[in-house]
$ cat work31.tsv   # TSV, C-alpha atoms
chain	number	residue	atom	x	y	z
H	3	MET	CA	90.38	116.37	73.37
H	4	GLY	CA	93.33	114.57	74.78
H	5	ARG	CA	95.66	111.65	74.65
H	6	LEU	CA	95.43	108.60	76.89
H	7	GLN	CA	98.71	107.03	77.98
H	8	LEU	CA	98.19	103.29	78.35
H	9	GLU	CA	101.33	101.82	79.91
H	10	LEU	CA	100.27	98.26	79.12
H	11	HIS	CA	99.89	99.06	75.41
H	12	PRO	CA	102.79	101.39	74.61
H	13	ALA	CA	102.56	100.81	70.85
H	14	LYS	CA	99.00	102.09	70.66
H	15	HIS	CA	98.16	105.77	70.32
H	16	VAL	CA	94.79	106.50	71.90
H	17	HIS	CA	93.05	109.87	71.61
H	18	TYR	CA	89.63	111.15	72.57
H	19	THR	CA	87.82	114.17	71.15
H	20	VAL	CA	84.82	115.81	72.81
H	21	PHE	CA	82.12	117.41	70.66
H	22	ARG	CA	79.22	119.38	72.12
H	23	GLU	CA	76.11	120.99	70.58
H	24	VAL	CA	76.15	118.26	67.93
H	25	THR	CA	73.41	118.71	65.35
H	26	ASN	CA	73.88	115.76	63.00
H	27	ALA	CA	73.63	112.67	65.20
H	28	PRO	CA	71.25	110.85	62.78
H	29	ALA	CA	73.70	111.39	59.88
H	30	LEU	CA	76.56	110.12	62.05
H	31	LEU	CA	74.54	107.01	62.88
H	32	SER	CA	74.21	106.25	59.13
H	33	LEU	CA	77.94	106.85	58.72
H	34	ILE	CA	78.70	104.35	61.48
H	35	LYS	CA	76.31	101.76	59.98
H	36	SER	CA	77.95	102.05	56.59
H	37	GLY	CA	81.38	101.55	58.17
H	38	LYS	CA	82.69	104.97	57.10
H	39	CYS	CA	83.63	106.12	60.58
H	40	ALA	CA	87.06	104.99	61.76
H	41	SER	CA	86.59	106.39	65.26
H	42	LEU	CA	84.28	105.11	67.98
H	43	LEU	CA	81.50	107.58	68.74
H	44	LEU	CA	80.08	107.48	72.25
H	45	ASN	CA	77.30	109.31	74.02
H	46	GLU	CA	78.82	111.66	76.61
H	47	SER	CA	76.09	111.35	79.25
H	48	ASN	CA	77.28	108.03	80.74
H	49	LEU	CA	81.02	108.76	80.66
H	50	VAL	CA	82.46	110.28	83.83
H	51	SER	CA	86.02	111.11	82.79
H	52	PRO	CA	88.89	110.29	80.43
H	53	PHE	CA	90.19	107.91	83.11
H	54	HIS	CA	86.88	106.02	83.16
H	55	LEU	CA	87.07	105.72	79.38
H	56	GLY	CA	90.74	104.73	79.51
H	57	VAL	CA	90.11	101.85	81.92
H	58	ALA	CA	87.60	100.36	79.45
H	59	ILE	CA	89.92	100.94	76.48
H	60	ASN	CA	92.81	99.27	78.32
H	61	LYS	CA	90.63	96.26	79.04
H	62	ALA	CA	89.53	96.05	75.40
H	63	LEU	CA	93.08	96.34	74.05
H	64	SER	CA	94.24	93.63	76.46
H	65	ALA	CA	91.43	91.36	75.27
H	66	GLU	CA	92.49	92.03	71.66
H	67	ALA	CA	96.15	91.31	72.42
H	68	SER	CA	95.35	87.99	74.09
H	69	GLY	CA	92.78	86.94	71.47
H	70	LYS	CA	89.98	86.95	74.02
H	71	MET	CA	87.65	89.59	72.63
H	72	LYS	CA	83.97	88.89	73.08
H	73	SER	CA	83.01	91.01	70.08
H	74	ARG	CA	84.23	91.45	66.52
H	75	SER	CA	86.32	94.60	66.74
H	76	VAL	CA	88.25	96.62	69.28
H	77	MET	CA	85.72	99.45	69.03
H	78	THR	CA	82.74	97.26	69.91
H	79	GLU	CA	84.90	95.60	72.57
H	80	ILE	CA	85.42	99.02	74.20
H	81	VAL	CA	81.64	99.43	74.36
H	82	LEU	CA	81.32	95.99	75.97
H	83	CYS	CA	84.05	96.86	78.46
H	84	LEU	CA	82.29	100.11	79.42
H	85	SER	CA	79.14	98.16	80.07
H	86	LEU	CA	78.21	95.92	83.01
H	87	VAL	CA	76.11	93.67	80.76
H	88	ASN	CA	77.44	91.19	78.23
H	89	GLY	CA	75.08	91.97	75.37
H	90	ILE	CA	76.45	94.26	72.65
H	91	SER	CA	73.02	95.59	71.62
H	92	GLN	CA	72.14	96.71	75.13
H	93	SER	CA	75.63	98.14	75.64
H	94	LEU	CA	75.45	100.12	72.40
H	95	ASN	CA	72.04	101.36	73.46
H	96	THR	CA	73.56	102.75	76.67
H	97	PHE	CA	76.86	104.12	75.37
H	98	GLY	CA	76.35	104.59	71.65
H	99	LEU	CA	74.77	107.44	69.77
H	100	LYS	CA	71.08	108.18	69.57
H	101	PRO	CA	69.37	110.49	67.06
H	102	ASP	CA	69.04	113.21	69.73
H	103	THR	CA	72.61	112.93	71.12
H	104	LYS	CA	74.19	116.37	71.65
H	105	GLY	CA	77.46	115.48	73.41
H	106	ILE	CA	79.86	113.01	71.82
H	107	VAL	CA	83.17	111.54	72.94
H	108	ALA	CA	85.04	110.12	69.95
H	109	VAL	CA	87.77	107.54	70.49
H	110	THR	CA	90.54	107.23	67.90
H	111	ILE	CA	93.15	104.47	68.10
H	112	GLY	CA	96.13	104.17	65.81
H	113	GLU	CA	99.68	102.92	65.51
H	114	SER	CA	101.18	106.38	64.98
H	115	GLU	CA	100.50	110.06	65.65
H	116	VAL	CA	100.27	110.71	61.90
H	117	GLU	CA	97.58	108.06	61.50
H	118	ILE	CA	95.68	109.47	64.50
H	119	GLN	CA	95.84	113.06	63.28
H	120	GLY	CA	94.48	112.00	59.90
H	121	GLN	CA	91.56	110.22	61.53
H	122	ILE	CA	90.82	113.13	63.88
H	123	ASP	CA	90.86	115.59	60.99
H	124	GLU	CA	88.44	113.36	59.10
H	125	LEU	CA	86.27	113.18	62.23
H	126	LYS	CA	86.14	116.96	62.59
H	127	GLY	CA	84.81	117.08	59.05
H	128	GLN	CA	82.14	114.50	59.80
H	129	VAL	CA	80.78	115.78	63.16
H	130	GLU	CA	78.78	119.00	63.15
H	131	GLY	CA	79.48	120.34	66.60
H	132	VAL	CA	81.89	122.29	68.81
H	133	VAL	CA	85.24	120.67	69.64
H	134	ILE	CA	85.97	121.07	73.35
H	135	ALA	CA	89.56	121.57	74.51
H	136	GLU	CA	91.11	119.20	77.10
H	137	GLU	CA	88.88	118.50	80.10
H	138	ASP	CA	89.23	116.40	83.23
H	139	SER	CA	85.67	115.20	83.15
H	140	PHE	CA	82.95	114.66	80.61
H	141	GLY	CA	79.40	116.04	80.53
H	142	TYR	CA	77.88	113.11	82.37
H	143	VAL	CA	74.49	113.04	84.05
H	144	GLU	CA	75.11	111.81	87.61
H	145	SER	CA	71.74	110.15	88.11
H	146	GLU	CA	72.11	108.33	84.79
H	147	VAL	CA	75.61	107.10	85.59
H	148	CYS	CA	74.47	105.87	89.02
H	149	ARG	CA	71.55	104.06	87.41
H	150	VAL	CA	73.61	102.47	84.62
H	151	TYR	CA	76.39	101.36	86.94
H	152	GLY	CA	74.28	100.62	90.02
H	153	VAL	CA	76.30	103.01	92.19
H	154	THR	CA	74.87	103.23	95.70
H	155	LYS	CA	75.04	106.04	98.25
H	156	GLU	CA	77.43	103.97	100.40
H	157	GLU	CA	79.83	103.61	97.48
H	158	GLN	CA	79.73	107.33	96.80
H	159	LEU	CA	80.58	108.10	100.43
H	160	VAL	CA	83.60	105.84	100.20
H	161	ASP	CA	85.07	107.17	96.95
H	162	SER	CA	84.42	109.45	93.98
H	163	LEU	CA	81.88	108.54	91.29
H	164	GLU	CA	84.80	107.90	88.96
H	165	GLY	CA	86.35	105.46	91.45
H	166	ALA	CA	83.07	103.61	91.93
H	167	VAL	CA	82.51	103.25	88.18
H	168	VAL	CA	86.12	102.20	87.44
H	169	MET	CA	85.84	99.51	90.15
H	170	LYS	CA	82.78	98.02	88.52
H	171	ILE	CA	84.31	97.98	85.05
H	172	ALA	CA	87.60	96.53	86.23
H	173	THR	CA	86.11	93.78	88.38
H	174	LYS	CA	83.55	92.63	85.81
H	175	ILE	CA	84.91	89.29	84.65
A	10	MET	CA	104.03	94.34	79.77
A	11	LEU	CA	104.87	97.21	82.07
A	12	THR	CA	107.79	99.34	81.02
A	13	GLN	CA	108.45	101.03	84.33
A	14	GLU	CA	108.11	98.90	87.41
A	15	LYS	CA	109.82	98.48	90.71
A	16	LEU	CA	109.51	95.40	92.91
A	17	ILE	CA	108.56	96.58	96.35
A	18	LYS	CA	107.39	93.46	98.12
A	19	GLN	CA	107.46	89.71	97.77
A	20	GLY	CA	105.17	87.48	99.77
A	21	ALA	CA	104.19	83.84	99.75
A	22	GLU	CA	101.46	84.43	97.19
A	23	GLY	CA	103.23	86.71	94.77
A	24	LYS	CA	105.10	89.92	94.06
A	25	ILE	CA	104.02	93.54	94.26
A	26	TYR	CA	105.36	96.12	91.81
A	27	GLU	CA	105.11	99.89	91.94
A	28	THR	CA	104.12	101.36	88.59
A	29	THR	CA	101.67	103.77	86.94
A	30	PHE	CA	98.33	103.29	85.27
A	31	MET	CA	97.40	106.08	82.88
A	32	GLY	CA	99.86	108.19	84.81
A	33	ARG	CA	98.34	107.46	88.23
A	34	PRO	CA	100.38	105.70	90.94
A	35	CYS	CA	99.52	102.03	90.80
A	36	LEU	CA	100.48	98.74	92.42
A	37	ALA	CA	100.60	95.57	90.35
A	38	LYS	CA	100.02	92.38	92.39
A	39	VAL	CA	101.32	89.42	90.41
A	40	ARG	CA	100.41	85.96	91.66
A	41	PHE	CA	103.00	83.18	91.36
A	42	LYS	CA	102.39	80.06	89.36
A	43	LYS	CA	102.71	77.14	91.74
A	44	ALA	CA	104.76	74.54	89.90
A	45	TYR	CA	104.11	71.86	92.50
A	46	ARG	CA	100.43	71.84	91.54
A	47	HIS	CA	99.00	70.23	88.46
A	48	PRO	CA	98.99	73.08	85.87
A	49	VAL	CA	95.27	72.86	85.08
A	50	LEU	CA	94.41	72.87	88.77
A	51	ASP	CA	96.81	75.74	89.45
A	52	GLU	CA	95.23	77.78	86.66
A	53	LYS	CA	91.70	77.14	87.97
A	54	LEU	CA	92.60	77.89	91.60
A	55	THR	CA	94.50	81.08	90.76
A	56	GLN	CA	91.61	82.34	88.63
A	57	ARG	CA	89.16	81.57	91.41
A	58	ARG	CA	91.29	83.41	93.97
A	59	LEU	CA	91.50	86.38	91.61
A	60	THR	CA	87.73	86.48	91.15
A	61	GLN	CA	87.16	86.07	94.90
A	62	GLU	CA	89.53	88.92	95.69
A	63	CYS	CA	87.85	91.25	93.20
A	64	ARG	CA	84.38	90.33	94.41
A	65	ALA	CA	85.44	90.93	98.02
A	66	ILE	CA	86.91	94.35	97.23
A	67	GLN	CA	83.73	95.36	95.40
A	68	LYS	CA	81.55	94.04	98.25
A	69	SER	CA	83.65	95.90	100.77
A	70	ARG	CA	82.94	99.16	98.99
A	71	ALA	CA	79.24	98.36	98.76
A	72	LEU	CA	79.35	98.05	102.56
A	73	GLY	CA	80.91	101.49	102.81
A	74	VAL	CA	84.49	100.42	103.53
A	75	ARG	CA	87.28	102.15	101.62
A	76	THR	CA	89.64	99.94	99.62
A	77	PRO	CA	92.12	100.77	96.86
A	78	THR	CA	90.37	101.09	93.48
A	79	VAL	CA	90.97	98.21	91.09
A	80	TYR	CA	92.11	99.50	87.72
A	81	PHE	CA	92.59	96.29	85.77
A	82	VAL	CA	92.48	92.53	86.31
A	83	ASP	CA	94.73	90.60	83.95
A	84	GLN	CA	93.63	86.98	84.03
A	85	ILE	CA	96.42	85.89	81.66
A	86	THR	CA	99.22	86.94	84.00
A	87	SER	CA	97.12	86.69	87.22
A	88	THR	CA	97.83	90.33	87.99
A	89	ILE	CA	95.64	92.90	89.71
A	90	TYR	CA	96.43	96.57	89.07
A	91	LEU	CA	95.32	98.67	92.03
A	92	GLU	CA	95.30	102.29	93.08
A	93	HIS	CA	98.44	103.07	95.09
A	94	LEU	CA	97.34	105.24	97.98
A	95	ARG	CA	100.41	107.34	98.58
A	96	ASP	CA	98.83	109.52	101.26
A	97	SER	CA	98.60	106.69	103.76
A	98	THR	CA	100.58	104.77	106.40
A	99	VAL	CA	100.28	101.10	107.25
A	100	LEU	CA	98.59	100.77	110.68
A	101	LYS	CA	101.63	98.89	111.98
A	102	ASP	CA	103.90	101.89	111.28
A	103	PHE	CA	101.24	104.36	112.40
A	104	ILE	CA	101.13	102.75	115.84
A	105	ASP	CA	104.93	102.56	116.04
A	106	GLN	CA	105.06	106.30	115.42
A	107	GLN	CA	102.96	106.76	118.59
A	108	SER	CA	100.84	109.81	117.94
A	109	ALA	CA	97.97	111.27	119.96
A	110	SER	CA	95.45	110.11	117.37
A	111	ASP	CA	96.19	106.37	117.80
A	112	ILE	CA	93.02	105.71	119.79
A	113	THR	CA	90.84	107.58	117.29
A	114	ALA	CA	92.44	105.77	114.38
A	115	CYS	CA	91.95	102.36	116.00
A	116	GLU	CA	88.33	103.11	116.78
A	117	ALA	CA	87.82	104.11	113.13
A	118	VAL	CA	89.44	100.83	112.05
A	119	GLY	CA	87.09	98.89	114.31
A	120	LYS	CA	84.10	100.63	112.75
A	121	GLU	CA	85.19	99.52	109.29
A	122	LEU	CA	85.66	95.93	110.43
A	123	GLY	CA	82.18	96.02	111.95
A	124	LYS	CA	80.79	97.11	108.59
A	125	LEU	CA	82.51	94.17	106.86
A	126	HIS	CA	81.18	91.63	109.34
A	127	SER	CA	77.68	93.08	109.33
A	128	GLY	CA	77.75	92.41	105.59
A	129	ASP	CA	79.02	88.85	106.19
A	130	LEU	CA	82.38	89.61	104.58
A	131	ILE	CA	85.28	87.84	106.29
A	132	HIS	CA	88.65	89.43	105.50
A	133	GLY	CA	90.66	86.31	106.25
A	134	ASP	CA	94.01	87.95	106.93
A	135	LEU	CA	93.55	90.82	109.33
A	136	THR	CA	96.91	92.17	110.44
A	137	THR	CA	98.24	95.67	111.05
A	138	SER	CA	100.01	95.42	107.68
A	139	ASN	CA	96.70	95.01	105.86
A	140	ILE	CA	95.13	98.15	107.26
A	141	LEU	CA	96.16	101.62	106.10
A	142	ILE	CA	95.45	104.97	107.72
A	143	ARG	CA	95.17	107.87	105.30
A	144	ASP	CA	96.56	111.29	106.16
A	145	ASP	CA	93.02	112.47	106.87
A	146	GLY	CA	92.55	109.65	109.40
A	147	THR	CA	90.27	107.38	107.36
A	148	PRO	CA	91.13	103.66	107.38
A	149	VAL	CA	91.59	101.67	104.20
A	150	ILE	CA	91.44	97.88	104.24
A	151	ILE	CA	93.68	96.06	101.76
A	152	ASP	CA	94.58	92.55	100.62
A	153	PHE	CA	91.36	90.61	100.26
A	154	GLY	CA	93.15	87.61	98.78
A	155	LEU	CA	91.90	85.26	101.50
A	156	SER	CA	88.41	86.73	101.86
A	157	THR	CA	85.25	84.69	102.07
A	158	THR	CA	81.56	85.28	102.69
A	159	SER	CA	80.08	83.81	105.85
A	160	SER	CA	77.28	84.52	108.27
A	161	LEU	CA	78.80	82.18	110.88
A	162	VAL	CA	79.68	83.70	114.24
A	163	GLU	CA	82.64	81.29	114.36
A	164	ASP	CA	84.17	82.72	111.15
A	165	LYS	CA	83.78	86.32	112.31
A	166	GLY	CA	85.19	85.42	115.70
A	167	VAL	CA	88.22	83.80	114.08
A	168	ASP	CA	88.70	86.85	111.85
A	169	LEU	CA	88.94	89.04	114.96
A	170	TYR	CA	91.11	86.51	116.78
A	171	VAL	CA	93.64	86.55	113.93
A	172	LEU	CA	93.79	90.33	114.23
A	173	GLU	CA	94.15	90.15	118.00
A	174	LYS	CA	97.06	87.72	117.83
A	175	ALA	CA	98.77	89.68	115.06
A	176	PHE	CA	98.19	92.98	116.86
A	177	LEU	CA	99.48	91.93	120.27
A	178	SER	CA	102.52	90.17	118.87
A	179	THR	CA	103.63	93.23	116.86
A	180	HIS	CA	102.50	95.79	119.42
A	181	PRO	CA	102.81	94.36	122.91
A	182	LYS	CA	101.57	96.63	125.73
A	183	CYS	CA	99.07	98.26	123.34
A	184	GLU	CA	95.99	96.58	124.75
A	185	GLU	CA	94.15	99.89	125.01
A	186	LEU	CA	94.54	100.36	121.23
A	187	LEU	CA	93.12	96.90	120.58
A	188	GLU	CA	90.26	97.74	122.94
A	189	ALA	CA	89.65	100.90	120.87
A	190	ILE	CA	89.26	98.68	117.77
A	191	TRP	CA	86.61	96.64	119.60
A	192	VAL	CA	84.83	99.86	120.68
A	193	GLY	CA	84.61	100.94	117.04
A	194	TYR	CA	83.51	97.45	115.97
A	195	ARG	CA	80.63	97.51	118.45
A	196	LYS	CA	79.45	100.86	117.09
A	197	SER	CA	78.95	99.61	113.54
A	198	TYR	CA	77.91	95.99	114.09
A	199	SER	CA	74.72	95.62	116.08
A	200	SER	CA	75.13	91.85	116.54
A	201	HIS	CA	78.60	92.22	118.09
A	202	LYS	CA	77.68	90.55	121.41
A	203	LYS	CA	77.66	86.99	120.15
A	204	ILE	CA	80.90	87.61	118.25
A	205	PHE	CA	82.71	88.65	121.42
A	206	VAL	CA	81.26	85.69	123.32
A	207	LYS	CA	82.66	83.45	120.56
A	208	LEU	CA	85.98	85.32	120.68
A	209	ASP	CA	86.29	84.50	124.40
A	210	GLU	CA	85.66	80.85	123.54
A	211	ILE	CA	88.25	80.89	120.71
A	212	ARG	CA	90.85	82.39	123.04
A	213	LEU	CA	90.49	79.33	125.25
A	214	ARG	CA	91.35	77.01	122.37
A	215	GLY	CA	94.80	76.49	120.98
A	216	ARG	CA	98.06	75.16	122.29
A	217	LYS	CA	98.57	74.50	125.97
A	218	ARG	CA	95.14	75.74	126.85
A	219	SER	CA	92.62	73.84	128.91
A	220	MET	CA	89.28	73.21	127.20
A	221	VAL	CA	87.63	72.17	130.42
A	222	GLY	CA	84.56	74.28	130.72

$ encode --input "work31.tsv" --output "structure tokens"
Amino acid sequence: MGRLQLELHPAKHVHYTVFREVTNAPALLSLIKSGKCASLLLNESNLVSPFHLGVAINKALSAEASGKMKSRSVMTEIVLCLSLVNGISQSLNTFGLKPDTKGIVAVTIGESEVEIQGQIDELKGQVEGVVIAEEDSFGYVESEVCRVYGVTKEEQLVDSLEGAVVMKIATKI
Amino acid sequence: MLTQEKLIKQGAEGKIYETTFMGRPCLAKVRFKKAYRHPVLDEKLTQRRLTQECRAIQKSRALGVRTPTVYFVDQITSTIYLEHLRDSTVLKDFIDQQSASDITACEAVGKELGKLHSGDLIHGDLTTSNILIRDDGTPVIIDFGLSTTSSLVEDKGVDLYVLEKAFLSTHPKCEELLEAIWVGYRKSYSSHKKIFVKLDEIRLRGRKRSMVG
């Protein structure tokens, strides 16, 4: 778990929590559908690093601030920003939870540390899995990430996978 | 808005600020609003330039040429937030420092330019200030604000001519370094012959030059 410092949105507190060996993904899916989960739950396999996630969150928060979101909430906007396609269903399919998801990255956004801590504590009660301490990268599957983001061998020679993915997210207009 | 920023450069197109992005060194390129243009037109043109620049940077990477990573494109303020490569020197300064690896560096630069042209990407503003050399010797091409896509030999020839003029005016008596760039270019662009033929032709154009052929 860790905190993301977004210089362009200083008033927002953004945290991520990594859960592994999750056993109750189907229950979490019901929780999300009924609107009882304040955090955004993402599938870990297509997320390279906290920086990758942060670039998408920054883009979503900027869209919210300027009234230009393409979806209904900041959380769904983050999913759209992670994705290279414009459809929310397809994006959720790629980055959201599935019944067999074992690794989850949960995003919590709040206006204060107190608010965040409350939401994270609630989250820890909802997710049945192991909380992983701060990490520089997530448990991504390289071939999957390359497929989802269309990363070629040439691009990987030029820069890291993280760099290639961040480029694609940032330049998608 | 950014809370910590330092203006480091101001050009005709806009300003460049040094800042951080999620703690990483970052450069923010802010494009000016041109008051002499009709506001709707200015908005449209600036947005188009922004999109073109981003597309060119992405294409450059797809062709295997290193560029700074784009972190965020703010269409509201016409700002691009880019990776600030601290471990690098502008080619202009690199050459002025006169090290033994100048020829190798220039050849490496030429190879990158060949990759761009083989992918029909025209940089549009090739100068020694728009090429960086990293500490490990790899070149990085920056500033794709005037980039276009073209398969025309003429456009590629002009791209090289702009570099030649800029190079020789800032580094006179460095013809062997320019030649090293061409050597590298030939290595990565198989159709280089017709480009150099065109370059010879372009050199004959211009002020006070006879076009009698």

$ interface_residues --input "work31.tsv" --of "chain H" --to "chain A" --cutoff "6 Å" --atoms "all atoms listed in the file" --output "ChimeraX atom specification"
/H:7-8,10,156-157,160,169,172-173

$ write_last_selection --input "work31.tsv" --atoms "C-alpha atoms" --output "PDB file, in the frame of the given file"
ATOM      1  CA  GLN H   7      98.710 107.030  77.980  1.00  0.00           C
ATOM      2  CA  LEU H   8      98.190 103.290  78.350  1.00  0.00           C
ATOM      3  CA  LEU H  10     100.270  98.260  79.120  1.00  0.00           C
ATOM      4  CA  GLU H 156      77.430 103.970 100.400  1.00  0.00           C
ATOM      5  CA  GLU H 157      79.830 103.610  97.480  1.00  0.00           C
ATOM      6  CA  VAL H 160      83.600 105.840 100.200  1.00  0.00           C
ATOM      7  CA  MET H 169      85.840  99.510  90.150  1.00  0.00           C
ATOM      8  CA  ALA H 172      87.600  96.530  86.230  1.00  0.00           C
ATOM      9  CA  THR H 173      86.110  93.780  88.380  1.00  0.00           C
TER      10      THR H 173
END

$ closest_residue --input "work31.tsv" --among "A:Asp152, A:Ile104, A:Asp145, A:Ser127" --to "Ser199 in chain A" --atoms "only C-alpha atoms"
A:Ser127

$ atom_distance --input "work31.tsv" --atom1 "CA of Cys115 in chain A" --atom2 "CA of His132 in chain A"
17.0 Å

$ axis_aligned_box --input "work31.tsv" --around "range 147-153 of chain A" --padding-each-side "8 Å" --output "AutoDock Vina command-line options"
--center_x 92.4 --center_y 99.0 --center_z 103.8 --size_x 20.3 --size_y 32.8 --size_z 23.1

$ closest_residue --input "work31.tsv" --among "H:Ile122, H:Ile90, H:Gly56, H:Ile111" --to "Val76 in chain H" --atoms "all atoms listed in the file"
H:Ile111

$ atom_distance --input "work31.tsv" --atom1 "CA of Leu31 in chain H" --atom2 "CA of Asn88 in chain H"
22.2 Å

$ residues_around --input "work31.tsv" --residues "Lys38 in chain A" --least-positions-apart "3" --cutoff "6 Å" --atoms "all atoms listed in the file" --output "PyMOL selection string"
chain A and resi 24-25+88-89

$ atom_distance --input "work31.tsv" --atom1 "CA of Gly4 in chain H" --atom2 "CA of Pro28 in chain H"
25.4 Å

$ closest_residue --input "work31.tsv" --among "H:Glu136, H:Glu146, H:Glu124, H:Asp161" --to "Lys38 in chain H" --atoms "all atoms listed in the file"
H:Glu124

$ residues_near_point --input "work31.tsv" --point "(77.5, 102.1, 87.6)" --cutoff "9 Å" --atoms "only C-alpha atoms" --output "ChimeraX atom specification"
/H:85-86,146-154,163,166-168,170-171

$ residues_around --input "work31.tsv" --residues "range 47-54 of chain H" --least-positions-apart "5" --cutoff "7 Å" --atoms "only C-alpha atoms" --output "ChimeraX atom specification"
/H:97,138-143,146-147,164,168

$ residues_around --input "work31.tsv" --residues "Ile211 in chain A" --least-positions-apart "6" --cutoff "12 Å" --atoms "all atoms listed in the file" --output "PDB file with C-alpha atoms, in the coordinates of the input"
ATOM      1  CA  VAL A 162      79.680  83.700 114.240  1.00  0.00           C
ATOM      2  CA  GLU A 163      82.640  81.290 114.360  1.00  0.00           C
ATOM      3  CA  ASP A 164      84.170  82.720 111.150  1.00  0.00           C
ATOM      4  CA  LYS A 165      83.780  86.320 112.310  1.00  0.00           C
ATOM      5  CA  GLY A 166      85.190  85.420 115.700  1.00  0.00           C
ATOM      6  CA  VAL A 167      88.220  83.800 114.080  1.00  0.00           C
ATOM      7  CA  ASP A 168      88.700  86.850 111.850  1.00  0.00           C
ATOM      8  CA  LEU A 169      88.940  89.040 114.960  1.00  0.00           C
ATOM      9  CA  TYR A 170      91.110  86.510 116.780  1.00  0.00           C
ATOM     10  CA  VAL A 171      93.640  86.550 113.930  1.00  0.00           C
ATOM     11  CA  GLU A 173      94.150  90.150 118.000  1.00  0.00           C
ATOM     12  CA  LYS A 174      97.060  87.720 117.830  1.00  0.00           C
ATOM     13  CA  ILE A 204      80.900  87.610 118.250  1.00  0.00           C
ATOM     14  CA  PHE A 205      82.710  88.650 121.420  1.00  0.00           C
ATOM     15  CA  ARG A 218      95.140  75.740 126.850  1.00  0.00           C
ATOM     16  CA  SER A 219      92.620  73.840 128.910  1.00  0.00           C
ATOM     17  CA  MET A 220      89.280  73.210 127.200  1.00  0.00           C
TER      18      MET A 220
END

$ residues_around --input "work31.tsv" --residues "Tyr18 in chain H" --least-positions-apart "2" --cutoff "7 Å" --atoms "only C-alpha atoms" --output "number ranges by chain"
H: 3-5, 16, 20, 107-110

$ residues_around --input "work31.tsv" --residues "Ser64 in chain H" --least-positions-apart "4" --cutoff "8 Å" --atoms "only C-alpha atoms" --output "list in words"
His11, Asn60 and Ser68 of chain H

$ residues_near_point --input "work31.tsv" --point "(100.3, 78.0, 86.9)" --cutoff "6 Å" --atoms "all atoms listed in the file" --output "PyMOL selection string"
chain A and resi 42-43+48+51-52

$ closest_residue --input "work31.tsv" --among "A:Tyr26, A:Phe103, A:Tyr194, A:Phe176" --to "Leu135 in chain A" --atoms "only C-alpha atoms"
A:Phe176

$ closest_residue --input "work31.tsv" --among "H:Gln158, H:Ser145, H:Gln92, H:Gln128" --to "Asn26 in chain H" --atoms "all atoms listed in the file"
H:Gln128

$ decode --input "work31.tsv" --residues "range 124-135 of chain H" --atoms "C-alpha atoms" --output "PDB file, in the first residue's frame"
ATOM      1  CA  GLU H 124     -13.481  -0.569   5.854  1.00  0.00           C
ATOM      2  CA  LEU H 125     -11.794  -2.057   2.781  1.00  0.00           C
ATOM      3  CA  LYS H 126      -9.596  -4.351   4.856  1.00  0.00           C
ATOM      4  CA  GLY H 127     -12.759  -5.689   6.430  1.00  0.00           C
ATOM      5  CA  GLN H 128     -14.365  -6.303   3.058  1.00  0.00           C
ATOM      6  CA  VAL H 129     -11.482  -7.973   1.146  1.00  0.00           C
ATOM      7  CA  GLU H 130     -10.464 -11.473   2.178  1.00  0.00           C
ATOM      8  CA  GLY H 131      -6.813 -11.506   1.252  1.00  0.00           C
ATOM      9  CA  VAL H 132      -3.273 -10.573   2.314  1.00  0.00           C
ATOM     10  CA  VAL H 133      -2.372  -6.877   2.433  1.00  0.00           C
ATOM     11  CA  ILE H 134       1.000  -6.314   0.783  1.00  0.00           C
ATOM     12  CA  ALA H 135       3.340  -3.635   2.146  1.00  0.00           C
TER      13      ALA H 135
END
